[in-house]
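K.L.:
So that we are looking at the same thing, I have put the structure below in structure tokens.
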Amino acid sequence: MSLTEESSLQSSSSSDDFASFLDTELELASSNLSSEDGEPENDNRNGIEERRNKRQKLDSEYTVEIEDPIICTTSCENTASPSNIQDQDICPPHPGFFKGLCMRCGQLEEEDGSAVAFCYIHKDLRLGSREIDRLRGADLKNLLREKRLVLILDLDHTLLNSTRLLDVSDEEWHLVRQAESSQDDPERSLLKLDGMHMLTKLRPFVHTFLKEASTMFEMYVYTMGERSYALEIVKHLDPRRVYFNSKVISQSDSTQRHQKGLDVVLGAESLVVILDDTEFVWHNHRENLILMERYHFFASSCRQFGFGNKSLSESKQDESESDGALANILHVLKRAYGMFFDPVLGTDLSSRDVRQVLKEIRREILQGCVIVFSRLFSSTAHPEKEVIWKMAEQLGAACLREVDASVTHIVSLDAGTLKSRWALKNGKFLVNPRWIEAANYLWRRQREEDFPVSGLGEKP
């Protein structure tokens, strides 16, 4: 049985060697099981030796583009002694299970929850922790050799916005007809998913974004939506199957309810960048996350998040192709990629961590700004623990409780507070909190005049 054949999508990317690797593992498991069905003892020993040779050959082929031998729990070094090879080929630990049977020894899987399901690769595949580590180590070396990182992409509100047809407003109904009339256009941005009774709007610049990002990153889709929906969307985002292959992870693949995790991603955390509009679902991987500004195209999306203003569709507007969220983040990704693989830093790529690169880029955004907040927090609050305070510091700003000559910005919602008036009197910037939030989403300092503070009341 071939994992590659049964996967829903295909590509030629480097991490897709996993599927080929697992195909060979399944062949080994199949021959192992057949050897137990009444085969003579000598034939069984020959079969074990043959499988061992196959495994050695597999590991040699799998690491052909890797500079150094992989240190792993199974046989990865052709120079290993026969006794070591024999020990490494003995279960437990089991490398993984297919249809409940160990891929190496054929033993039934124990219900101890130690193996992790990788149903997005194959619905009957579960891998042990040591085998996952081995595969990640192999992929790490492959990716670094090819100078590629890993990019994990959320779908809804990050790359697109979807709504049920029954939630389409009267002002938006013309979009349904537009989607129906453009079904043969490969560049269309409106998709009518008849089987799911949904209308989807792709975020501006998404096709260019994916094309350019794919030259630097091994890409996954990871959504909290259902798998059928994710696969349908990916068919439109990646019609030639060159970006994602089987790397489409959905809600049912997560190991924790309402959480996304890198435990189901066969990629080293030090190489992973995540784009998502929701921070709390990445509780354990926030350092890998670039938080995206939510794309609210449809009215139902605005209502879902409590916005009373008109949606982009109702206003007959959309984000800018050249200066929208995806175009801005692509610049950040290019810079992170360039810094990670900077040859000035030397040739030892294995010690580098893209999370540190992202922190460094983020700290430059508001570097040199000294901020005081005016009446944004209650009198009993600890300002240093407030989200907006922490956000400003992560962006490189210094935050103070009281004004002094070094202060450059007062952040307030009211132009009449003492600190706000001090800013106006002393020629300091007076901005509302959205100035910091916009810098956080767009990864660049924003023009202060675009974020004025309302209210001119004379408060003490």
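Every chain in the structure tokens has a letter given in the order shown (A, B, ...), and although residue numbers restart at 1 in each chain, ligands are simply numbered from 1 in the order shown.
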His258 (chain A): which residues within 12 Å, counting only C-alpha atoms, same-chain residues fewer than 6 positions away excluded, as an MDAnalysis selection string?
P.N.:
chainID A and resid 223:225 250:252 278:283
K.L.:
Those residues you just picked out, can you put them in a file as a CSV table (one decimal), in the first residue's frame with all heavy atoms?
P.N.:
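The resulting file, result_14.csv, is shown below:
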```
chain,number,residue,atom,x,y,z
A,223,THR,N,-5.4,24.3,9.9
A,223,THR,CA,-6.6,25.0,10.2
A,223,THR,C,-7.4,24.3,11.3
A,223,THR,O,-7.3,23.0,11.4
A,223,THR,CB,-7.5,25.1,8.9
A,223,THR,OG1,-8.8,25.7,9.2
A,223,THR,CG2,-7.7,23.7,8.3
A,224,MET,N,-8.2,25.0,12.0
A,224,MET,CA,-9.2,24.4,13.0
A,224,MET,C,-10.5,24.0,12.3
A,224,MET,O,-11.4,23.6,12.9
A,224,MET,CB,-9.4,25.4,14.1
A,224,MET,CG,-8.2,25.6,15.0
A,224,MET,SD,-7.5,24.2,15.7
A,224,MET,CE,-8.6,23.9,17.1
A,225,GLY,N,-10.5,24.2,11.0
A,225,GLY,CA,-11.7,23.8,10.2
A,225,GLY,C,-11.7,22.3,10.0
A,225,GLY,O,-10.7,21.6,10.3
A,250,SER,N,-5.8,19.5,9.8
A,250,SER,CA,-7.1,20.1,10.2
A,250,SER,C,-7.4,19.8,11.6
A,250,SER,O,-6.6,19.2,12.4
A,250,SER,CB,-8.2,19.5,9.3
A,250,SER,OG,-8.2,18.1,9.4
A,251,GLN,N,-8.5,20.2,12.0
A,251,GLN,CA,-9.0,20.2,13.5
A,251,GLN,C,-8.8,18.8,14.0
A,251,GLN,O,-8.3,18.6,15.2
A,251,GLN,CB,-10.4,20.6,13.6
A,251,GLN,CG,-11.0,20.6,14.9
A,251,GLN,CD,-12.5,21.0,14.9
A,251,GLN,OE1,-13.3,20.2,14.3
A,251,GLN,NE2,-12.8,22.1,15.5
A,252,SER,N,-9.2,17.7,13.3
A,252,SER,CA,-9.1,16.4,13.8
A,252,SER,C,-7.7,15.8,14.0
A,252,SER,O,-7.5,14.8,14.7
A,252,SER,CB,-9.9,15.4,12.9
A,252,SER,OG,-9.3,15.5,11.6
A,278,THR,N,-5.1,34.0,15.2
A,278,THR,CA,-5.5,33.7,16.5
A,278,THR,C,-4.3,33.2,17.3
A,278,THR,O,-3.7,32.2,17.1
A,278,THR,CB,-6.6,32.6,16.5
A,278,THR,OG1,-7.6,33.0,15.6
A,278,THR,CG2,-7.1,32.4,17.9
A,279,GLU,N,-4.0,34.0,18.4
A,279,GLU,CA,-2.8,33.7,19.2
A,279,GLU,C,-3.0,32.5,20.1
A,279,GLU,O,-2.1,31.7,20.3
A,279,GLU,CB,-2.4,35.0,19.9
A,279,GLU,CG,-1.1,34.8,20.7
A,279,GLU,CD,-0.6,36.1,21.4
A,279,GLU,OE1,-1.5,37.0,21.5
A,279,GLU,OE2,0.5,36.2,21.8
A,280,PHE,N,-4.1,32.5,20.8
A,280,PHE,CA,-4.3,31.5,21.9
A,280,PHE,C,-4.2,30.1,21.5
A,280,PHE,O,-3.9,29.2,22.3
A,280,PHE,CB,-5.6,31.8,22.7
A,280,PHE,CG,-6.8,31.3,22.1
A,280,PHE,CD1,-7.3,30.0,22.3
A,280,PHE,CD2,-7.6,32.1,21.3
A,280,PHE,CE1,-8.4,29.5,21.7
A,280,PHE,CE2,-8.8,31.6,20.7
A,280,PHE,CZ,-9.2,30.3,20.9
A,281,VAL,N,-4.5,29.8,20.2
A,281,VAL,CA,-4.5,28.4,19.8
A,281,VAL,C,-3.0,27.9,19.6
A,281,VAL,O,-2.8,26.7,19.6
A,281,VAL,CB,-5.2,28.2,18.4
A,281,VAL,CG1,-6.6,28.5,18.5
A,281,VAL,CG2,-4.5,29.0,17.3
A,282,TRP,N,-2.1,28.8,19.7
A,282,TRP,CA,-0.6,28.4,19.6
A,282,TRP,C,0.0,28.7,21.0
A,282,TRP,O,1.1,29.3,21.0
A,282,TRP,CB,0.1,29.2,18.5
A,282,TRP,CG,-0.3,28.8,17.1
A,282,TRP,CD1,-1.2,29.5,16.3
A,282,TRP,CD2,0.0,27.7,16.4
A,282,TRP,NE1,-1.3,28.9,15.1
A,282,TRP,CE2,-0.6,27.7,15.1
A,282,TRP,CE3,0.9,26.6,16.7
A,282,TRP,CZ2,-0.4,26.7,14.2
A,282,TRP,CZ3,1.0,25.6,15.8
A,282,TRP,CH2,0.4,25.6,14.5
A,283,HIS,N,-0.6,28.3,22.0
A,283,HIS,CA,-0.2,28.6,23.4
A,283,HIS,C,1.3,28.2,23.6
A,283,HIS,O,2.0,28.9,24.3
A,283,HIS,CB,-1.1,27.9,24.4
A,283,HIS,CG,-0.7,28.1,25.8
A,283,HIS,ND1,-0.9,29.3,26.5
A,283,HIS,CD2,-0.1,27.2,26.7
A,283,HIS,CE1,-0.4,29.2,27.7
A,283,HIS,NE2,0.0,28.0,27.9
```
K.L.:
Could you give me, as a tab-separated table, a per-residue list for region 174-281 of chain A showing, wherever an atom lies at most 12 Å from an atom of region 309-323 of chain A, the closest pair of atoms and their distance in Å to one decimal, using only C-alpha atoms and sorting by chain then residue number from low to high?
P.N.:
```
residue	atom	partner	partner_atom	distance
A:His174	CA	A:Ser313	CA	10.1
A:Leu175	CA	A:Ser313	CA	8.5
A:Val176	CA	A:Ser313	CA	11.7
A:Ser189	CA	A:Asp318	CA	11.4
A:Leu190	CA	A:Ser313	CA	11.4
A:Thr200	CA	A:Ser313	CA	11.8
A:Lys201	CA	A:Ser313	CA	9.7
A:Leu202	CA	A:Asp318	CA	10.7
A:Arg203	CA	A:Glu319	CA	7.7
A:Pro204	CA	A:Glu321	CA	5.2
A:Phe205	CA	A:Glu321	CA	5.1
A:Val206	CA	A:Glu321	CA	8.8
A:His207	CA	A:Glu321	CA	10.6
A:Thr208	CA	A:Glu321	CA	9.6
A:Phe209	CA	A:Glu321	CA	10.2
```
K.L.:
Need to verify the contact set: region 150-153 of chain A, 8 Å, only C-alpha atoms, exclusion of same-chain residues closer than 2 positions in sequence. Can you return it as JSON, numbers by chain?
P.N.:
{"A": [148, 155, 158, 159, 217, 218, 219, 220, 221, 222, 223, 267, 271, 272, 273, 274, 275, 276]}
K.L.:
I'd like the contact shell of region 402-414 of chain A - 9 Å cut-off, only C-alpha atoms, skipping same-chain residues fewer than 3 positions apart - returned as a PyMOL selection string.
P.N.:
chain A and resi 368-376+398-399+417+419-420+422-423+427-433+435-436+452-457
K.L.:
Excluding Glu293 (chain A) and residues on its chain fewer than 4 positions from it, collect all residues at most 8 Å away from it, counting only C-alpha atoms, and give them as a PyMOL selection string.
P.N.:
chain A and resi 157-158+277+325+441
K.L.:
Write the residues of the preceding selection, restricted to all heavy atoms, as a PDB file, in the first residue's frame.
P.N.:
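File written: out_35.pdb
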```pdb
ATOM      1  N   HIS A 157      -9.489  33.861   7.840  1.00  0.00           N
ATOM      2  CA  HIS A 157      -9.097  35.181   8.331  1.00  0.00           C
ATOM      3  C   HIS A 157      -7.603  35.455   8.171  1.00  0.00           C
ATOM      4  O   HIS A 157      -7.140  36.539   8.528  1.00  0.00           O
ATOM      5  CB  HIS A 157      -9.505  35.391   9.799  1.00  0.00           C
ATOM      6  CG  HIS A 157     -10.975  35.291  10.033  1.00  0.00           C
ATOM      7  ND1 HIS A 157     -11.547  34.225  10.695  1.00  0.00           N
ATOM      8  CD2 HIS A 157     -11.997  36.101   9.669  1.00  0.00           C
ATOM      9  CE1 HIS A 157     -12.855  34.401  10.735  1.00  0.00           C
ATOM     10  NE2 HIS A 157     -13.155  35.531  10.116  1.00  0.00           N
ATOM     11  N   THR A 158      -6.855  34.492   7.632  1.00  0.00           N
ATOM     12  CA  THR A 158      -5.430  34.698   7.365  1.00  0.00           C
ATOM     13  C   THR A 158      -5.173  34.731   5.869  1.00  0.00           C
ATOM     14  O   THR A 158      -4.652  35.715   5.340  1.00  0.00           O
ATOM     15  CB  THR A 158      -4.582  33.591   8.023  1.00  0.00           C
ATOM     16  OG1 THR A 158      -4.751  33.647   9.439  1.00  0.00           O
ATOM     17  CG2 THR A 158      -3.105  33.767   7.692  1.00  0.00           C
ATOM     18  N   ASP A 277      -4.178  34.203  12.595  1.00  0.00           N
ATOM     19  CA  ASP A 277      -4.852  35.376  13.158  1.00  0.00           C
ATOM     20  C   ASP A 277      -5.243  35.183  14.610  1.00  0.00           C
ATOM     21  O   ASP A 277      -5.716  36.124  15.259  1.00  0.00           O
ATOM     22  CB  ASP A 277      -6.109  35.701  12.338  1.00  0.00           C
ATOM     23  CG  ASP A 277      -7.164  34.617  12.479  1.00  0.00           C
ATOM     24  OD1 ASP A 277      -7.007  33.561  11.855  1.00  0.00           O
ATOM     25  OD2 ASP A 277      -8.134  34.822  13.236  1.00  0.00           O
ATOM     26  N   ALA A 325      -2.040  43.081   4.022  1.00  0.00           N
ATOM     27  CA  ALA A 325      -1.426  42.265   5.079  1.00  0.00           C
ATOM     28  C   ALA A 325      -0.441  41.235   4.530  1.00  0.00           C
ATOM     29  O   ALA A 325       0.675  41.088   5.042  1.00  0.00           O
ATOM     30  CB  ALA A 325      -2.525  41.568   5.881  1.00  0.00           C
ATOM     31  N   TYR A 441       0.886  44.323  13.954  1.00  0.00           N
ATOM     32  CA  TYR A 441       0.339  43.508  12.864  1.00  0.00           C
ATOM     33  C   TYR A 441       1.127  43.686  11.563  1.00  0.00           C
ATOM     34  O   TYR A 441       1.357  42.725  10.828  1.00  0.00           O
ATOM     35  CB  TYR A 441      -1.125  43.875  12.611  1.00  0.00           C
ATOM     36  CG  TYR A 441      -2.096  43.253  13.579  1.00  0.00           C
ATOM     37  CD1 TYR A 441      -2.927  44.042  14.370  1.00  0.00           C
ATOM     38  CD2 TYR A 441      -2.205  41.874  13.700  1.00  0.00           C
ATOM     39  CE1 TYR A 441      -3.828  43.476  15.265  1.00  0.00           C
ATOM     40  CE2 TYR A 441      -3.097  41.290  14.590  1.00  0.00           C
ATOM     41  CZ  TYR A 441      -3.909  42.100  15.368  1.00  0.00           C
ATOM     42  OH  TYR A 441      -4.790  41.532  16.245  1.00  0.00           O
TER      43      TYR A 441
END
```
K.L.:
Excluding His197 (chain A) and residues on its chain fewer than 6 positions from it, collect all residues at most 12 Å away from it, counting only C-alpha atoms, and give them as a list in words.
P.N.:
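With the cut-off at 12 Å, the set is Ser162, Thr163, Arg164, Leu165, Leu166, Asp167, Val168, Val176, Leu191 and Tyr229 of chain A.
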K.L.:
Taking the chain letters and numbering used in this document, name the residues of region 77-242 of chain A that DSSP puts in strand (DSSP E or B), as a JSON list (two decimals) with C-alpha atoms, in the first residue's frame.
P.N.:
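Written out: states00.json:
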```
[["chain", "number", "residue", "atom", "x", "y", "z"],
["A", 96, "GLY", "CA", 5.36, 3.46, 14.41],
["A", 97, "PHE", "CA", 2.15, 1.65, 13.61],
["A", 98, "PHE", "CA", 0.08, 1.14, 10.50],
["A", 101, "LEU", "CA", 0.49, -3.07, 13.76],
["A", 102, "CYS", "CA", 4.12, -2.11, 14.30],
["A", 108, "LEU", "CA", -0.25, -4.98, 17.96],
["A", 116, "VAL", "CA", 1.08, 10.26, 17.65],
["A", 117, "ALA", "CA", -1.43, 10.00, 14.81],
["A", 125, "LEU", "CA", -0.49, 5.98, 10.49],
["A", 126, "ARG", "CA", 0.85, 6.53, 14.02],
["A", 127, "LEU", "CA", 4.48, 7.27, 14.84],
["A", 149, "LEU", "CA", 12.62, 27.02, 6.41],
["A", 150, "VAL", "CA", 9.12, 25.81, 7.39],
["A", 151, "LEU", "CA", 6.00, 27.98, 7.06],
["A", 152, "ILE", "CA", 2.68, 27.00, 8.63],
["A", 153, "LEU", "CA", -0.36, 28.82, 7.28],
["A", 156, "ASP", "CA", -9.71, 31.47, 7.70],
["A", 160, "LEU", "CA", -9.16, 34.01, 3.07],
["A", 161, "ASN", "CA", -12.62, 34.65, 4.48],
["A", 162, "SER", "CA", -15.58, 32.26, 4.11],
["A", 163, "THR", "CA", -19.28, 32.55, 4.82],
["A", 164, "ARG", "CA", -22.25, 30.26, 4.54],
["A", 190, "LEU", "CA", -14.33, 34.48, -5.26],
["A", 191, "LEU", "CA", -15.12, 30.78, -4.86],
["A", 192, "LYS", "CA", -18.58, 29.27, -4.58],
["A", 193, "LEU", "CA", -18.19, 25.91, -2.83],
["A", 198, "MET", "CA", -20.24, 28.36, 1.18],
["A", 199, "LEU", "CA", -18.80, 31.45, -0.46],
["A", 200, "THR", "CA", -15.08, 32.11, -0.04],
["A", 201, "LYS", "CA", -13.07, 35.24, -0.77],
["A", 202, "LEU", "CA", -9.32, 34.81, -1.17],
["A", 217, "PHE", "CA", 9.78, 27.70, 2.83],
["A", 218, "GLU", "CA", 8.40, 24.19, 3.08],
["A", 219, "MET", "CA", 4.71, 25.01, 3.55],
["A", 220, "TYR", "CA", 1.92, 23.42, 5.60],
["A", 221, "VAL", "CA", -1.73, 24.37, 5.97],
["A", 222, "TYR", "CA", -2.99, 24.09, 9.56]]
```
K.L.:
Identify, with DSSP run on backbone atoms, the residues in region 161-228 of chain A assigned to helix (DSSP H, G or I), and express the list as a PyMOL selection string.
P.N.:
chain A and resi 165-167+170-181+194-196+206-213+227-228
K.L.:
Using only C-alpha atoms, which residue out of A:Leu400, A:Leu333, A:Ala138, A:Ile90 lies closest to Ala268 (chain A)?
P.N.:
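Selected residue with least distance to Ala268 (chain A): A:Ala138.
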K.L.:
So which residues touch Asp238 (chain A) within 12 Å, counting only C-alpha atoms, skipping near sequence neighbours fewer than 3 positions away, as a PyMOL selection string?
P.N.:
chain A and resi 9-11+186-187+206-211+214+219-221+230-235+241-248
K.L.:
From the list A:Lys141, A:Arg130, A:Arg335, A:Lys99, which residue is nearest Ser114 (chain A) when using only C-alpha atoms?
P.N.:
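Comparing A:Lys141, A:Arg130, A:Arg335, A:Lys99 against Ser114 (chain A), the winner is A:Arg130.
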